[in-house]
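A short worksheet on the structure shown next.
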Amino acid sequence: MPRKKISIIGGGQVGGVLTQLIAQKQLGDVVLFDIVEDMPQGKCLDIAEASRVDGFDIKVTGTNDYKDVDGSDLVIITAGLPRKPGMSRDDLLTTNAQIMKTVAENVKKHAPNSIVIVISNPLDAMVTLFKNVSGFKTNKVMGQAGVLDSSRFATFIAWELGVSVKDVNAMVLGGHGDTMVPLVRYTNVFGMPVMELLERKYKDKAKAEEVMKAMVERTKMAGGEVVKLLKTGSAFYSPASSSIAMAQSILFDEKRVFPVCAYLDGEYGVKGYFVGVPAVLGANGVEKVLELSLSDEEKALLDNSVNAVKSLVEDMKRLGL
Ligand code: TXD
């Protein structure tokens with residue numbers, strides 16, 4: 001079987017870690033594209049020079065020329081500005097939408113058969129814009145947010161309960177913004193409902209609820225917490241790892257179930273928008289959206305998040321994009 005070709009558009013913080021992870025895991029040959037001259041070439045040279053030590057034997061190419069992206073099987077887009085302290089993801093809309101437009105035109109031209117994972121913020125709007133400009137089929141376009149948001153939620157739960165994070169299954173739905181919806185009812189530790197474990201720990205229902213509320217709020221603001229600490233730029237290790245999990249499921253047709261920003265065609269009562277929902281990822285991209293049954297309260301929270309996504313998309317339309 002010929003090796004897969006994976007192109008990363010945007011060779012900044014997330015793009016660099018993605019390239020290193022793809023190389024170390026030998027998922028395929030990597031092309032790292034950026035508009036900054038020499039930088040992606042420098043990063044790829046650096047990563048390639050670790051190949052002997054890490055024991056990988058794949059091609060890692062840094063470039064400023066879209067021709068090198070030709071024929072990619074998978075494209076991961078990280079191009080765009082990250083947040084500064086105090087900024088919301090939505091503040092990035094105007095700048096990043098201009099960038100996404102040129103990226104989408106070039107991916108359409110050079111990798112028309114690829115599957116695309118968008119990482120750039122504001123995520124849900126950028127996925128929509130990519131789809132509109134490229135005209136790619138909806139199953140071939142998705143965004144990474146939920147894998148990271150649910151990993152953050154799982155991490156806080158594992159710390160709180162003193163259990164391995166490997167046994168925590170956490171679920172986060174909705175847009176990748178402050179309105180995201182961590183779903184406590186679908187979150188468990190090796191099948192055991194998380195609230196039961198918290199209530200047992202505190203022997204007090206109200207206290208357990210208070211602790212969970214704090215973890216939910218921390219999850220919603222987790223990106224901002226990292227931005228505040230870093231002072232320059234936003235999270236990049238965990239977003240890269242999360243995208244790798246998705247890439248792996250697509251490249252190896254694993255059919256893993258992840259919350260991803262996927263196109264909804266009536267599921268969850270939403271039609272024509274990209275929103276974070278659980279989906280099956282395989283060789284055909286988003287192969288199936290899975291519908292959870294939601295309580296009225298959960299549905300209201302999801303609707304609120306969907307409305308935030310819709311208003312961002314409207315803003316983009318007003319900008320003529
Ligand atoms: O979970 C998630 N989806 C996210 C998303 C988690 C963290 C970061 N998230 C967003 O990803 C973040 O808000 C940004 O919008 C992107 C990329 O974040 P990163 O931290 O990698 O930003 P950098 O280091 O500034 O890198 C962006 C690169 C930089 O090298 C630019 O030169 C390049 O994008 N860039 C371009 N590349 C290609 N083509 C064009 N037009 C272009 N413009 C800028």
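Residues in the structure tokens are numbered from 1 in each chain, the chains being A, B, ... in the order shown, and ligands are numbered from 1 in the order shown.
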
**Contacts of A:Met126 at 8 Å (only C-alpha atoms; same-chain gap of 4+ positions) as a list of chain:residue names** = A:Asn96, A:Ala97, A:Met100, A:Val118, A:Ser120, A:Asn121, A:Pro122, A:Phe130

**Request:** Would you mind listing the residues within 7 Å of ligand 1, counting only C-alpha atoms and all ligand atoms, as an MDAnalysis selection string?
**Result:** chainID A and resid 9:15 33:36 78:83 89 96 99:100 102:103 119:123 143:145 148 233:236 239

**12 Å contact set for A:Ser243, only C-alpha atoms, chain neighbours under 4 positions out, as a PyMOL selection string** = chain A and resi 8+14-15+17-19+21-22+74-78+116-120+142-149+151+236-239+247-250+258-261+281

**Request:** Could you check how far atom CA of A:Ala170 sits from atom CA of A:Thr187, in Å to one decimal?
**Result:**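 That distance, rounded to one decimal, is 4.5 Å.
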
**Request:** Identify all residues of stretch 180-286 of chain A in strand (DSSP E or B) (DSSP on the backbone) and supply them as JSON, numbers by chain.
**Result:** {"A": [181, 182, 188, 189, 192, 193, 256, 257, 258, 259, 260, 261, 262, 263, 264, 265, 271, 272, 273, 274, 275, 276, 277, 278, 279, 280, 281, 282, 285, 286]}

Next, the residues of the selection above should be written as a PDB file, in the first residue's frame with C-alpha atoms.
ATOM      1  CA  VAL A 181     -22.029  21.904  26.360  1.00  0.00           C
ATOM      2  CA  PRO A 182     -20.174  19.407  28.579  1.00  0.00           C
ATOM      3  CA  ASN A 188     -18.654   8.175  33.096  1.00  0.00           C
ATOM      4  CA  VAL A 189     -15.697   6.359  34.625  1.00  0.00           C
ATOM      5  CA  MET A 192     -20.027   4.332  36.112  1.00  0.00           C
ATOM      6  CA  PRO A 193     -21.959   7.623  36.006  1.00  0.00           C
ATOM      7  CA  ARG A 256     -13.760   5.716  16.214  1.00  0.00           C
ATOM      8  CA  VAL A 257     -16.512   7.760  17.790  1.00  0.00           C
ATOM      9  CA  PHE A 258     -15.451  11.290  18.588  1.00  0.00           C
ATOM     10  CA  PRO A 259     -17.235  14.557  19.142  1.00  0.00           C
ATOM     11  CA  VAL A 260     -16.336  16.491  15.980  1.00  0.00           C
ATOM     12  CA  CYS A 261     -17.550  19.626  14.288  1.00  0.00           C
ATOM     13  CA  ALA A 262     -19.672  17.957  11.608  1.00  0.00           C
ATOM     14  CA  TYR A 263     -22.329  19.013   9.130  1.00  0.00           C
ATOM     15  CA  LEU A 264     -25.853  18.527  10.447  1.00  0.00           C
ATOM     16  CA  ASP A 265     -28.622  17.708   8.035  1.00  0.00           C
ATOM     17  CA  LYS A 271     -30.022  21.740   9.291  1.00  0.00           C
ATOM     18  CA  GLY A 272     -27.189  23.244   7.283  1.00  0.00           C
ATOM     19  CA  TYR A 273     -24.704  24.072  10.051  1.00  0.00           C
ATOM     20  CA  PHE A 274     -21.459  22.558  11.324  1.00  0.00           C
ATOM     21  CA  VAL A 275     -21.718  21.837  15.048  1.00  0.00           C
ATOM     22  CA  GLY A 276     -19.865  19.620  17.526  1.00  0.00           C
ATOM     23  CA  VAL A 277     -21.608  16.238  17.822  1.00  0.00           C
ATOM     24  CA  PRO A 278     -20.499  12.620  18.248  1.00  0.00           C
ATOM     25  CA  ALA A 279     -19.687  11.029  14.908  1.00  0.00           C
ATOM     26  CA  VAL A 280     -18.055   7.947  13.414  1.00  0.00           C
ATOM     27  CA  LEU A 281     -14.760   8.780  11.666  1.00  0.00           C
ATOM     28  CA  GLY A 282     -13.442   6.436   8.997  1.00  0.00           C
ATOM     29  CA  GLY A 285     -14.466  11.064   6.745  1.00  0.00           C
ATOM     30  CA  VAL A 286     -17.540  11.748   8.843  1.00  0.00           C
TER      31      VAL A 286
END

**Prompt:** Looking at A:Ile157, A:Met195, A:Leu292, A:Val107, which one is nearest to A:Met215, with distances taken over only C-alpha atoms?
**Reply:**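 With only C-alpha atoms as the atom set, the closest residue is A:Ile157.
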
**Message:** Among stretch 17-96 of chain A, which ones does DSSP assign to helix (DSSP H, G or I) (computed from the backbone)? Answer as number ranges by chain.
**Reply:** A: 17-25, 39-48, 51-54, 66-69, 89-96

Those same residues, written as a PDB file, in the first residue's frame with C-alpha atoms?
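Written out: again.pdb:
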ATOM      1  CA  VAL A  17       3.601  19.694  16.791  1.00  0.00           C
ATOM      2  CA  LEU A  18       1.285  18.002  14.279  1.00  0.00           C
ATOM      3  CA  THR A  19       4.202  17.423  11.927  1.00  0.00           C
ATOM      4  CA  GLN A  20       6.331  15.940  14.685  1.00  0.00           C
ATOM      5  CA  LEU A  21       3.531  13.636  15.877  1.00  0.00           C
ATOM      6  CA  ILE A  22       2.725  12.414  12.368  1.00  0.00           C
ATOM      7  CA  ALA A  23       6.397  11.648  11.826  1.00  0.00           C
ATOM      8  CA  GLN A  24       6.845   9.902  15.161  1.00  0.00           C
ATOM      9  CA  LYS A  25       3.701   7.828  14.653  1.00  0.00           C
ATOM     10  CA  MET A  39      10.095  28.662   8.497  1.00  0.00           C
ATOM     11  CA  PRO A  40       8.293  25.412   7.521  1.00  0.00           C
ATOM     12  CA  GLN A  41      11.490  24.241   5.806  1.00  0.00           C
ATOM     13  CA  GLY A  42      13.413  24.935   9.026  1.00  0.00           C
ATOM     14  CA  LYS A  43      10.873  23.098  11.212  1.00  0.00           C
ATOM     15  CA  CYS A  44      10.828  20.092   8.879  1.00  0.00           C
ATOM     16  CA  LEU A  45      14.602  19.932   8.715  1.00  0.00           C
ATOM     17  CA  ASP A  46      14.714  19.995  12.503  1.00  0.00           C
ATOM     18  CA  ILE A  47      12.089  17.216  12.758  1.00  0.00           C
ATOM     19  CA  ALA A  48      13.748  15.117  10.008  1.00  0.00           C
ATOM     20  CA  SER A  51      14.379  10.630  12.581  1.00  0.00           C
ATOM     21  CA  ARG A  52      17.394   8.504  13.523  1.00  0.00           C
ATOM     22  CA  VAL A  53      16.794   8.990  17.221  1.00  0.00           C
ATOM     23  CA  ASP A  54      13.015   8.612  17.050  1.00  0.00           C
ATOM     24  CA  TYR A  66       1.055  24.758  -2.791  1.00  0.00           C
ATOM     25  CA  LYS A  67       2.307  22.432  -5.552  1.00  0.00           C
ATOM     26  CA  ASP A  68       3.836  20.275  -2.820  1.00  0.00           C
ATOM     27  CA  VAL A  69       0.344  19.704  -1.433  1.00  0.00           C
ATOM     28  CA  ARG A  89     -12.140  32.974  19.662  1.00  0.00           C
ATOM     29  CA  ASP A  90     -14.799  34.955  17.824  1.00  0.00           C
ATOM     30  CA  ASP A  91     -12.572  38.062  17.813  1.00  0.00           C
ATOM     31  CA  LEU A  92     -10.422  36.241  15.248  1.00  0.00           C
ATOM     32  CA  LEU A  93     -13.218  36.002  12.694  1.00  0.00           C
ATOM     33  CA  THR A  94     -12.348  38.752  10.209  1.00  0.00           C
ATOM     34  CA  THR A  95      -8.631  38.019   9.906  1.00  0.00           C
ATOM     35  CA  ASN A  96      -8.873  34.270   9.917  1.00  0.00           C
TER      36      ASN A  96
END

**Item:** Selected residue, from A:Lys59, A:Thr128, A:Glu105, A:Gly177, that lies nearest to A:Glu314 when counting only C-alpha atoms
**Value:**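 Looking only at the distances to A:Glu314, the closest residue turns out to be A:Thr128.
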
**Request:** Quote the spacing between atom CA of A:Gly86 and atom CA of A:Lys228 in Å to one decimal place.
**Result:**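 If I compute the distance from atom CA of A:Gly86 to atom CA of A:Lys228, I get 7.7 Å.
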
**Request:** Give the answer as one residue: which of A:Thr179, A:Gly135, A:Asp124, A:Ala208 has the shortest atom-to-atom distance to A:Glu160, using only C-alpha atoms?
**Result:**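 Closest to A:Glu160, using only C-alpha atoms: A:Ala208.
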
**Asked** Rounded to one decimal in Å, what is the spacing between atom CA of A:Ser311 and atom CA of A:Phe136?
**Response**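 Result for atom CA of A:Ser311 versus atom CA of A:Phe136: 22.8 Å, one decimal.
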
**Item:** Polymer residues at most 8 Å from A:Met180, only C-alpha atoms, same-chain spacing of 3 or more positions, as a list in words
**Value:**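 The residues satisfying every condition are Val172, Leu173, Gly174, Gly175, His176, Gly177, Lys220, Leu302 and Ser305 of chain A.
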
Store the residues picked out above in a file with N, CA and C atoms, as an mmCIF file, in the first residue's frame.
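Result file is selection.cif:
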data_model
loop_
_atom_site.group_PDB
_atom_site.id
_atom_site.type_symbol
_atom_site.label_atom_id
_atom_site.label_comp_id
_atom_site.auth_asym_id
_atom_site.auth_seq_id
_atom_site.Cartn_x
_atom_site.Cartn_y
_atom_site.Cartn_z
ATOM 1 N N VAL A 172 -18.530 16.300 25.211
ATOM 2 C CA VAL A 172 -18.803 17.738 25.090
ATOM 3 C C VAL A 172 -19.416 17.993 23.712
ATOM 4 N N LEU A 173 -20.565 18.622 23.706
ATOM 5 C CA LEU A 173 -21.247 18.924 22.439
ATOM 6 C C LEU A 173 -21.201 20.426 22.150
ATOM 7 N N GLY A 174 -21.652 20.792 20.948
ATOM 8 C CA GLY A 174 -21.876 22.196 20.621
ATOM 9 C C GLY A 174 -20.709 22.865 19.941
ATOM 10 N N GLY A 175 -20.774 24.176 19.857
ATOM 11 C CA GLY A 175 -19.736 24.946 19.196
ATOM 12 C C GLY A 175 -18.489 25.026 20.058
ATOM 13 N N HIS A 176 -17.357 25.388 19.417
ATOM 14 C CA HIS A 176 -16.095 25.503 20.142
ATOM 15 C C HIS A 176 -15.958 26.927 20.673
ATOM 16 N N GLY A 177 -16.858 27.258 21.597
ATOM 17 C CA GLY A 177 -16.830 28.596 22.181
ATOM 18 C C GLY A 177 -17.300 28.479 23.612
ATOM 19 N N LYS A 220 -15.264 24.802 29.904
ATOM 20 C CA LYS A 220 -15.705 25.800 28.915
ATOM 21 C C LYS A 220 -14.669 26.902 28.729
ATOM 22 N N LEU A 302 -27.748 23.065 24.086
ATOM 23 C CA LEU A 302 -27.218 22.830 22.737
ATOM 24 C C LEU A 302 -27.765 23.876 21.762
ATOM 25 N N SER A 305 -25.905 27.000 22.047
ATOM 26 C CA SER A 305 -24.596 26.910 21.406
ATOM 27 C C SER A 305 -24.724 26.978 19.875
#
